[in-house]
Amino acid sequence: MGFQLSNEEGSSSTTSSYQRPAVTAVSGTVSNESDTFDDGFDPAAEDTVFIANQYARSKPVESSGSNASYLSQKETFPPILMFFGVALHLLAVIVLLQQFKSGSFTDFIRTSSDLQETKSLLSYLASVNVLSFLGTASYLTDAIILHKKKIAGGSLIFWALVFPIVYYFQRCKANGNSGIFALLIVIVQLLLSGYTVHSGMTATITAMGIEINETGFSGASMAYARIPTLSQIYISVSGVGDITYDKLIASNITEPTYAYVEATDTEPALFVIKSTTPYGNSPIVINFEYETMALHSMTVGNKSYTSQYEIFLYLYNK
């Protein structure tokens, strides 16, 4: 059975429908249903935006300090070979210094015209040459290792072979070592080398029979310059002929020593020959005027001679 609804005004019939109740907006809450439920809501999109925002705000990952320090460290090679080479070179200089003070060196200088003695000395100095060679080989090996490890350039090999002083500083700089090591090595080597050169010159001059007095090496060289003139000046003896000074000195002085004495207010510069006599071992001193090589005076024991004739007569008769 059916029934019909009609309004008072007699309008046409309508189909009943459900109508939503009105929602009253509350402060602090969602205003209406359309705001609360969005038909276009996509959870996956929201998650993507959230993750992107979090990534953008996140701090960059920092590597640990130990790892960064390890990666940034430059490869090094300890200067063991350099110090070993320095020790060998210093030892070579010390050995040479000892040989200068030995009698073998003095004998060689006095007999340097003998070829056999020259070979003997070279053989005697073999230890010095070997030590020096090994020291240079240590420098060279060290420089090659640094070059192979790309710590230093190829120029280090050149300096190690040609000029070790530069090698010391370049080596320390390339390896990151303090230059004070190189400076100390150079100072020690220069001091020891200077002393050795001085000792060598002194030993050589002394072995040649030249006295080093207050005039120093300059006076010694001046005395050395006058030695050859002894064979060029002479005295003439009737019935005998010319007798050179070097022959007179050889017959009257045992192992003579030569010296230069500077001029004073009362005396001229002198070329002095002194030692002992082969007869009686009396001390003898013969003084020549340095400029003219004229006989100036002579002392034998406690007796002095100032006359050239007396000096000639004494030397000739003896």
# chains A, B, ... in the order shown; residues from 1 in each chain; ligands from 1

$ residues_around --residues "segment 196-203 of chain A" --least-positions-apart "2" --cutoff "9 Å" --atoms "only C-alpha atoms" --output "ChimeraX atom specification"
/A:93-94,96-97,100-101,105-106,191-194,205-208,212,217

$ residues_around --residues "segment 235-249 of chain A" --least-positions-apart "4" --cutoff "7 Å" --atoms "only C-alpha atoms" --output "PyMOL selection string"
chain A and resi 230-231+253+315-316

$ write_last_selection --atoms "N, CA and C atoms" --output "compact mmCIF listing (two decimals), in the first residue's frame"
# COMPACT_ATOMS: atom_id res chain seq x y z
N LEU A 230 169.90 28.63 -1.99
CA LEU A 230 171.13 28.13 -1.36
C LEU A 230 172.01 27.36 -2.34
N SER A 231 171.38 26.80 -3.37
CA SER A 231 172.16 26.07 -4.37
C SER A 231 172.62 26.99 -5.50
N ILE A 253 175.43 21.20 9.26
CA ILE A 253 174.17 21.20 10.01
C ILE A 253 173.42 19.89 9.76
N LEU A 315 182.92 27.41 8.23
CA LEU A 315 182.12 26.42 7.50
C LEU A 315 182.98 25.58 6.55
N TYR A 316 183.94 26.21 5.93
CA TYR A 316 184.77 25.50 4.98
C TYR A 316 185.71 24.50 5.68

$ residues_around --residues "Gly209 of chain A" --least-positions-apart "4" --cutoff "12 Å" --atoms "only C-alpha atoms" --output "ChimeraX atom specification"
/A:106-107,109-110,202-205,220-221,223-224,227,254-259,272-275

$ closest_residue --among "A:Thr136, A:Ser178, A:Ser218, A:Ser307" --to "Ile165 of chain A" --atoms "only C-alpha atoms"
A:Thr136

$ select_by_dssp --residues "segment 93-254 of chain A" --states "strand (DSSP E or B)" --output "PyMOL selection string"
chain A and resi 210+234-237+241-244+254

$ residues_around --residues "segment 146-158 of chain A" --least-positions-apart "2" --cutoff "7 Å" --atoms "only C-alpha atoms" --output "list in words"
Glu75, Thr76, Leu140, Asp142, Ala143, Ile144, Ala160, Leu161, Val162, Tyr167, Gln170, Ala174 and Asn175 of chain A

$ closest_residue --among "A:Gly176, A:Pro164, A:Ala250, A:Ala269" --to "Gly219 of chain A" --atoms "only C-alpha atoms"
A:Ala269

$ atom_distance --atom1 "atom CA of Val188 of chain A" --atom2 "atom CA of Ser127 of chain A"
21.3 Å

$ select_by_dssp --residues "segment 244-300 of chain A" --states "alpha helix (DSSP H)" --output "list of chain:residue names"
A:Tyr245, A:Asp246, A:Lys247, A:Leu248, A:Ile249, A:Ala250, A:Ser251, A:Asn252

$ atom_distance --atom1 "atom CA of Phe77 of chain A" --atom2 "atom CA of Asn129 of chain A"
28.1 Å

$ closest_residue --among "A:Leu313, A:Cys172, A:Ile284, A:Ile180" --to "Thr299 of chain A" --atoms "only C-alpha atoms"
A:Ile284

$ atom_distance --atom1 "atom CA of Asn213 of chain A" --atom2 "atom CA of Pro278 of chain A"
24.9 Å

$ residues_around --residues "Ser138 of chain A" --least-positions-apart "4" --cutoff "7 Å" --atoms "only C-alpha atoms" --output "list in words"
Leu81, Met82, Phe84, Gly85, Leu134 and Asp142 of chain A
